[in-house]
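Engineer: Data: query_29.csv, CSV, C-alpha atoms.
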```
chain,number,residue,atom,x,y,z
A,150,MET,CA,5.7,18.2,-12.4
A,151,ASN,CA,3.9,16.2,-9.7
A,152,LEU,CA,6.4,13.4,-9.6
A,153,GLU,CA,9.6,15.2,-10.6
A,154,GLY,CA,12.7,13.5,-9.1
A,155,LYS,CA,10.8,10.2,-8.3
A,156,VAL,CA,11.7,6.8,-9.5
A,157,ALA,CA,8.8,4.4,-10.3
A,158,LEU,CA,8.8,0.7,-11.0
A,159,VAL,CA,5.8,-0.8,-12.9
A,160,THR,CA,5.6,-4.5,-13.1
A,161,GLY,CA,3.9,-6.0,-16.2
A,162,ALA,CA,4.4,-2.8,-18.0
A,163,SER,CA,4.6,-3.9,-21.6
A,164,THR,CA,0.9,-3.7,-22.4
A,165,GLY,CA,-2.5,-2.6,-21.2
A,166,ILE,CA,-2.8,-0.9,-17.8
A,167,GLY,CA,0.9,-1.3,-17.0
A,168,ALA,CA,2.0,0.3,-20.2
A,169,ALA,CA,-0.4,3.2,-19.9
A,170,THR,CA,0.6,3.8,-16.3
A,171,ALA,CA,4.3,3.7,-17.0
A,172,ILE,CA,3.8,6.4,-19.6
A,173,ALA,CA,1.5,8.4,-17.4
A,174,LEU,CA,4.0,8.4,-14.5
A,175,ALA,CA,6.7,9.6,-16.9
A,176,ARG,CA,4.4,12.3,-18.1
A,177,GLU,CA,4.2,13.5,-14.5
A,178,GLY,CA,7.9,13.7,-14.2
A,179,ALA,CA,9.0,10.3,-12.8
A,180,ASP,CA,11.8,8.2,-14.2
A,181,VAL,CA,10.4,4.7,-14.8
A,182,ALA,CA,11.6,1.1,-14.7
A,183,VAL,CA,9.5,-0.9,-17.2
A,184,ASN,CA,9.2,-4.6,-16.2
A,185,TYR,CA,8.2,-7.3,-18.6
A,186,LEU,CA,8.4,-11.1,-18.7
A,187,ARG,CA,8.2,-12.2,-22.4
A,188,SER,CA,6.9,-9.2,-24.4
A,189,LYS,CA,10.3,-7.5,-25.0
A,190,GLN,CA,9.3,-5.7,-28.1
A,191,ALA,CA,6.2,-4.2,-26.6
A,192,ALA,CA,8.2,-3.2,-23.5
A,193,GLU,CA,10.8,-1.5,-25.7
A,194,GLU,CA,8.0,0.5,-27.4
A,195,VAL,CA,6.8,1.7,-24.0
A,196,ALA,CA,10.4,2.6,-23.0
A,197,ALA,CA,10.7,4.6,-26.2
A,198,GLN,CA,7.6,6.7,-25.4
A,199,ILE,CA,9.0,7.4,-21.9
A,200,GLU,CA,12.3,8.6,-23.4
A,201,LYS,CA,10.4,10.9,-25.8
A,202,LEU,CA,8.9,12.5,-22.7
A,203,GLY,CA,12.4,13.4,-21.6
A,204,ARG,CA,12.5,10.9,-18.7
A,205,ARG,CA,15.1,8.2,-17.9
A,206,VAL,CA,13.9,4.6,-18.3
A,207,SER,CA,15.2,1.2,-17.4
A,208,LEU,CA,14.0,-2.0,-19.1
A,209,VAL,CA,13.9,-4.9,-16.7
A,210,GLN,CA,13.0,-8.4,-17.5
A,211,ALA,CA,11.8,-10.5,-14.5
A,212,ASP,CA,9.3,-13.1,-13.4
A,213,VAL,CA,7.7,-11.5,-10.3
A,214,LYS,CA,6.9,-14.9,-8.9
A,215,VAL,CA,10.7,-15.7,-8.5
A,216,ALA,CA,12.5,-14.0,-5.6
A,217,SER,CA,15.9,-14.1,-7.3
A,218,GLU,CA,14.6,-12.4,-10.4
A,219,VAL,CA,12.8,-9.8,-8.4
A,220,ASP,CA,16.0,-9.0,-6.5
A,221,ALA,CA,17.9,-8.6,-9.8
A,222,MET,CA,15.1,-6.4,-11.1
A,223,ILE,CA,15.3,-4.1,-8.2
A,224,GLU,CA,19.1,-4.0,-8.3
A,225,LYS,CA,19.1,-3.1,-12.0
A,226,THR,CA,16.5,-0.4,-11.4
A,227,VAL,CA,18.5,1.2,-8.5
A,228,ALA,CA,21.8,1.0,-10.5
A,229,GLU,CA,20.3,2.7,-13.5
A,230,LEU,CA,17.7,5.1,-12.0
A,231,GLY,CA,18.1,5.2,-8.3
A,232,PRO,CA,16.0,3.9,-5.3
A,233,VAL,CA,12.4,3.0,-6.0
A,234,ASP,CA,10.0,5.6,-4.7
A,235,ILE,CA,6.8,4.4,-6.4
A,236,LEU,CA,5.9,0.7,-7.0
A,237,PHE,CA,2.9,-0.2,-9.1
A,238,ASN,CA,2.4,-4.0,-8.7
A,239,ASN,CA,0.5,-4.5,-11.9
A,240,ALA,CA,1.7,-7.9,-13.1
A,241,GLY,CA,-1.0,-10.5,-12.8
A,242,ALA,CA,-3.4,-12.6,-14.9
A,243,LEU,CA,-6.5,-14.8,-14.9
A,244,VAL,CA,-4.3,-17.6,-16.4
A,245,ALA,CA,-7.4,-19.6,-17.4
A,246,ARG,CA,-11.2,-19.6,-17.0
A,247,CYS,CA,-12.1,-22.7,-15.1
A,248,PRO,CA,-14.9,-23.8,-12.7
A,249,VAL,CA,-13.7,-24.7,-9.2
A,250,VAL,CA,-14.7,-28.4,-9.7
A,251,GLU,CA,-12.3,-28.6,-12.6
A,252,THR,CA,-9.5,-26.4,-11.2
A,253,THR,CA,-6.3,-28.4,-10.6
A,254,GLU,CA,-4.0,-27.7,-7.7
A,255,GLU,CA,-1.4,-26.6,-10.2
A,256,LEU,CA,-3.7,-24.0,-11.8
A,257,TRP,CA,-4.8,-22.7,-8.4
A,258,ASP,CA,-1.1,-22.4,-7.3
A,259,GLU,CA,-0.1,-20.6,-10.5
A,260,VAL,CA,-2.9,-18.0,-10.2
A,261,ILE,CA,-2.2,-17.3,-6.5
A,262,ALA,CA,1.6,-17.2,-7.1
A,263,LEU,CA,1.4,-14.7,-10.0
A,264,ASN,CA,-1.2,-12.4,-8.5
A,265,VAL,CA,-0.3,-12.6,-4.7
A,266,LYS,CA,3.3,-13.6,-4.5
A,267,GLY,CA,4.0,-11.4,-7.5
A,268,THR,CA,2.7,-8.5,-5.4
A,269,PHE,CA,4.4,-9.5,-2.2
A,270,LEU,CA,8.0,-10.1,-3.5
A,271,PRO,CA,8.6,-6.7,-5.2
A,272,THR,CA,6.9,-4.9,-2.2
A,273,ARG,CA,9.1,-6.7,0.3
A,274,ARG,CA,12.2,-5.8,-1.6
A,275,VAL,CA,11.5,-2.0,-1.8
A,276,ILE,CA,9.8,-1.0,1.4
A,277,ALA,CA,12.9,-0.9,3.7
A,278,GLY,CA,14.4,1.8,1.5
A,279,MET,CA,11.2,3.7,1.4
A,280,MET,CA,10.9,3.6,5.2
A,281,GLU,CA,14.5,4.8,5.6
A,282,ARG,CA,13.8,7.8,3.3
A,283,GLY,CA,10.4,8.5,5.0
A,284,TRP,CA,8.5,8.5,1.7
A,285,GLY,CA,7.1,5.9,-0.6
A,286,ARG,CA,4.0,4.8,-2.6
A,287,ILE,CA,3.0,1.1,-3.0
A,288,ILE,CA,0.0,0.7,-5.4
A,289,ASN,CA,-1.4,-2.7,-6.1
A,290,ASN,CA,-3.6,-3.7,-9.0
A,291,ALA,CA,-6.5,-5.7,-7.7
A,292,SER,CA,-9.8,-6.2,-9.6
A,293,VAL,CA,-13.5,-5.6,-9.2
A,294,ALA,CA,-13.7,-9.4,-9.3
A,295,ALA,CA,-12.3,-9.4,-5.7
A,296,GLN,CA,-15.4,-7.4,-4.7
A,297,HIS,CA,-18.2,-9.1,-6.5
A,298,GLY,CA,-16.7,-12.5,-7.2
A,299,GLY,CA,-16.2,-12.1,-10.9
A,300,GLY,CA,-17.7,-13.9,-13.8
A,301,PRO,CA,-17.8,-17.6,-14.8
A,302,GLY,CA,-14.6,-19.6,-14.2
A,303,VAL,CA,-12.7,-16.9,-12.3
A,304,VAL,CA,-12.9,-18.0,-8.6
A,305,ALA,CA,-9.1,-18.5,-8.3
A,306,TYR,CA,-8.5,-15.1,-9.8
A,307,ALA,CA,-11.1,-13.4,-7.7
A,308,SER,CA,-9.6,-15.1,-4.6
A,309,ALA,CA,-6.1,-13.9,-5.5
A,310,LYS,CA,-7.2,-10.4,-6.1
A,311,GLY,CA,-9.1,-10.5,-2.8
A,312,ALA,CA,-5.9,-11.4,-1.1
A,313,VAL,CA,-4.2,-8.5,-2.8
A,314,ILE,CA,-6.8,-6.1,-1.2
A,315,GLY,CA,-6.2,-7.8,2.2
A,316,PHE,CA,-2.4,-7.4,1.7
A,317,THR,CA,-2.9,-3.8,0.8
A,318,ARG,CA,-4.9,-3.0,4.0
A,319,GLY,CA,-2.5,-5.0,6.3
A,320,LEU,CA,0.6,-3.4,4.8
A,321,ALA,CA,-0.9,0.0,5.0
A,322,LYS,CA,-1.4,-0.4,8.8
A,323,GLU,CA,2.2,-1.6,9.2
A,324,LEU,CA,3.6,1.4,7.3
A,325,ALA,CA,1.2,4.1,8.2
A,326,ALA,CA,3.6,5.9,10.6
A,327,THR,CA,6.6,5.7,8.3
A,328,GLY,CA,5.6,8.1,5.5
A,329,VAL,CA,4.9,5.1,3.1
A,330,THR,CA,1.4,4.6,1.9
A,331,CYS,CA,-0.2,1.5,0.4
A,332,ASN,CA,-3.3,1.6,-1.7
A,333,ALA,CA,-4.9,-0.4,-4.5
A,334,VAL,CA,-7.0,0.1,-7.7
A,335,ALA,CA,-9.7,-2.3,-8.7
A,336,PRO,CA,-10.4,-2.1,-12.4
A,337,GLY,CA,-13.6,-3.4,-14.0
A,338,LEU,CA,-14.0,-3.8,-17.8
A,339,ILE,CA,-10.8,-2.4,-19.3
A,340,GLU,CA,-9.9,-2.6,-23.0
A,341,THR,CA,-6.7,-4.6,-22.7
A,342,PRO,CA,-5.2,-7.8,-24.1
A,343,PHE,CA,-6.5,-9.5,-20.9
A,344,HIS,CA,-10.1,-9.6,-22.2
A,345,ASP,CA,-9.0,-10.1,-25.8
A,346,LYS,CA,-7.6,-13.4,-24.5
A,347,PHE,CA,-10.2,-14.5,-22.0
A,348,THR,CA,-13.5,-13.0,-23.1
A,349,ASP,CA,-15.3,-13.7,-26.4
A,350,ALA,CA,-17.3,-11.2,-28.4
A,351,GLU,CA,-20.7,-12.4,-27.1
A,352,LYS,CA,-19.6,-12.4,-23.5
A,353,ARG,CA,-18.1,-8.9,-24.0
A,354,LYS,CA,-21.5,-7.6,-25.2
A,355,ALA,CA,-23.2,-9.2,-22.2
A,356,LEU,CA,-20.7,-7.8,-19.7
A,357,VAL,CA,-20.9,-4.2,-20.8
A,358,GLN,CA,-24.7,-4.3,-20.3
A,359,MET,CA,-24.0,-4.8,-16.6
A,360,VAL,CA,-22.0,-1.6,-16.4
A,361,PRO,CA,-24.2,1.5,-15.7
A,362,MET,CA,-21.9,3.7,-17.9
A,363,ARG,CA,-22.4,1.2,-20.7
A,364,ARG,CA,-18.9,1.2,-22.0
A,365,TRP,CA,-15.4,-0.3,-21.4
A,366,ALA,CA,-12.7,1.8,-19.9
A,367,ARG,CA,-9.4,2.8,-21.5
A,368,PRO,CA,-6.2,1.7,-19.7
A,369,GLU,CA,-5.4,5.4,-19.4
A,370,GLU,CA,-8.4,5.8,-17.1
A,371,VAL,CA,-6.9,3.4,-14.6
A,372,ALA,CA,-3.5,5.0,-15.1
A,373,SER,CA,-4.9,8.3,-13.9
A,374,ALA,CA,-6.0,6.8,-10.6
A,375,VAL,CA,-2.5,5.2,-10.1
A,376,VAL,CA,-0.9,8.6,-10.8
A,377,PHE,CA,-3.2,10.2,-8.2
A,378,LEU,CA,-2.3,7.5,-5.6
A,379,ALA,CA,1.4,8.1,-6.4
A,380,GLY,CA,1.3,11.8,-6.0
A,381,LYS,CA,0.8,14.5,-3.4
A,382,GLY,CA,-2.9,14.6,-3.7
A,383,SER,CA,-3.3,11.2,-1.9
A,384,SER,CA,-0.9,12.0,0.9
A,385,TYR,CA,-3.6,11.3,3.6
A,386,MET,CA,-4.9,8.1,2.0
A,387,THR,CA,-3.7,4.6,2.8
A,388,GLY,CA,-5.2,1.1,2.9
A,389,GLN,CA,-7.8,2.2,0.3
A,390,THR,CA,-9.0,0.5,-2.9
A,391,LEU,CA,-10.2,2.8,-5.7
A,392,THR,CA,-12.8,0.9,-7.8
A,393,ILE,CA,-12.7,2.0,-11.5
A,394,ASP,CA,-15.5,0.1,-13.1
A,395,GLY,CA,-18.1,2.5,-14.5
A,396,GLY,CA,-20.4,1.8,-11.5
A,397,TRP,CA,-20.5,-2.0,-12.0
A,398,TYR,CA,-19.9,-2.9,-8.4
A,399,MET,CA,-22.2,-0.2,-7.2
A,400,HIS,CA,-24.9,-1.5,-9.5
```
Please lay out the structure from this file as structure tokens.
Structural biologist:
Amino acid sequence: MNLEGKVALVTGASTGIGAATAIALAREGADVAVNYLRSKQAAEEVAAQIEKLGRRVSLVQADVKVASEVDAMIEKTVAELGPVDILFNNAGALVARCPVVETTEELWDEVIALNVKGTFLPTRRVIAGMMERGWGRIINNASVAAQHGGGPGVVAYASAKGAVIGFTRGLAKELAATGVTCNAVAPGLIETPFHDKFTDAEKRKALVQMVPMRRWARPEEVASAVVFLAGKGSSYMTGQTLTIDGGWYMH
């Protein structure tokens, strides 16, 4: 298989895009560390599906905003599976829809910490080993909101995801000669708990009319892009952001 012998770590892997990607990476031959924060039962279900595919799995609880917890997560992954070859920084959230005029400093800091610091900390922890081995894949989950500003009340989130894209490009330049690539995906409207929580039915109907393909995507459609970026087919790509939005940003 494409990723046979590789170890992948997926943050925020208990539901949605993270869960679909963890399973897709396992299907391609990778052993997978499934990170979660609170959704232990959902993460266990993802782990069970990975085991059914004949792959090794490590279940790792950690808050990706906290350096000590990230360190413990990496140490557990390495002890149970081996050094991390593929990191998908998926953990992130809108936290709350809020116009800028009403956004508190605390809310702003929380959104930035989860989406930006939560990408930086795991990446910083694994890249030295990747560089030593001369191979690695860092893949960051951004958002189409970073490209077009997003909908009402998401300026903090769009700003955070814009920073993720900037981080992706800058790190790609730093690592380009080492055999380690860094790319991102920018999902649009994806059928996940994210929109179940933050987008009501009427808003969902209005949003899909802005998408040329006139439908929401399945998490597996984003997972396919991550698998591509993790594999041999993307070996000459770095610093890129793949937009997966049914033509929304183009439109």
Engineer: For A:Met399, which residue among A:His297, A:Val313, A:Ala242, A:Ser163 is the nearest when counting only C-alpha atoms?
Structural biologist: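 The shortest atom-to-atom distance to A:Met399 comes from A:His297.
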Engineer: Any idea what the distance is between atom CA of A:Gly328 and atom CA of A:Ile288?
Structural biologist: 14.3 Å
Engineer: Identify the residues within 10 Å of coordinate (-1.6, -4.6, -27.8) (same frame as the file), considering only C-alpha atoms, and give the answer as number ranges by chain.
Structural biologist: A: 163-165, 168, 191, 340-343, 345
Engineer: Record the distance separating atom CA of A:Ile223 and atom CA of A:Gly315, expressed in Å with one decimal.
Structural biologist: 24.2 Å
Engineer: What does the structure give for the distance between atom CA of A:Lys155 and atom CA of A:Ala179, in Å to one decimal?
Structural biologist: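 If I compute the distance from atom CA of A:Lys155 to atom CA of A:Ala179, I get 4.8 Å.
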Engineer: Given only C-alpha atoms as the basis, pick out the residue of A:Gly283, A:Gly311, A:Gly267, A:Leu378 nearest to A:Gly299.
Structural biologist: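 Checking each candidate against A:Gly299, we get A:Gly311 as the closest.
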Engineer: Can you tell me which residues surround stretch 211-216 of chain A at a distance of at most 6 Å, considering all atoms listed in the file, apart from same-chain residues fewer than 3 positions away, and format the answer as a PDB file with C-alpha atoms, in the frame of the given file?
Structural biologist:
```
ATOM      1  CA  LEU A 186       8.400 -11.100 -18.700  1.00  0.00           C
ATOM      2  CA  VAL A 219      12.800  -9.800  -8.400  1.00  0.00           C
ATOM      3  CA  LEU A 263       1.400 -14.700 -10.000  1.00  0.00           C
ATOM      4  CA  LYS A 266       3.300 -13.600  -4.500  1.00  0.00           C
ATOM      5  CA  GLY A 267       4.000 -11.400  -7.500  1.00  0.00           C
TER       6      GLY A 267
END
```
Engineer: For each of A:Ala312, A:Met386, A:Ala228, A:Met362, take the minimum atom-to-atom distance to A:Asn290, counting all atoms listed in the file, then give the residue where this is smallest.
Structural biologist: A:Ala312
Engineer: Can you list, as a PDB file with C-alpha atoms, in the coordinates of the input, every protein, DNA or RNA residue that comes within 6 Å of A:Phe237 when you count all atoms listed in the file, leaving out same-chain residues fewer than 2 positions away?
Structural biologist:
```
ATOM      1  CA  VAL A 159       5.800  -0.800 -12.900  1.00  0.00           C
ATOM      2  CA  ASN A 239       0.500  -4.500 -11.900  1.00  0.00           C
ATOM      3  CA  ILE A 288       0.000   0.700  -5.400  1.00  0.00           C
ATOM      4  CA  ASN A 289      -1.400  -2.700  -6.100  1.00  0.00           C
TER       5      ASN A 289
END
```
Engineer: Hey, which of A:Asp349, A:Glu224, A:Asp180, A:Glu281 ends up closest to A:Glu153? Count all atoms listed in the file.
Structural biologist: A:Asp180
Engineer: Out of A:Leu208, A:Arg176, A:Ala171, A:Thr390, which residue has the shortest atom-to-atom distance to A:Val227 when counting all atoms listed in the file?
Structural biologist: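 Looking at the shortest contact to A:Val227, the residue is A:Leu208.
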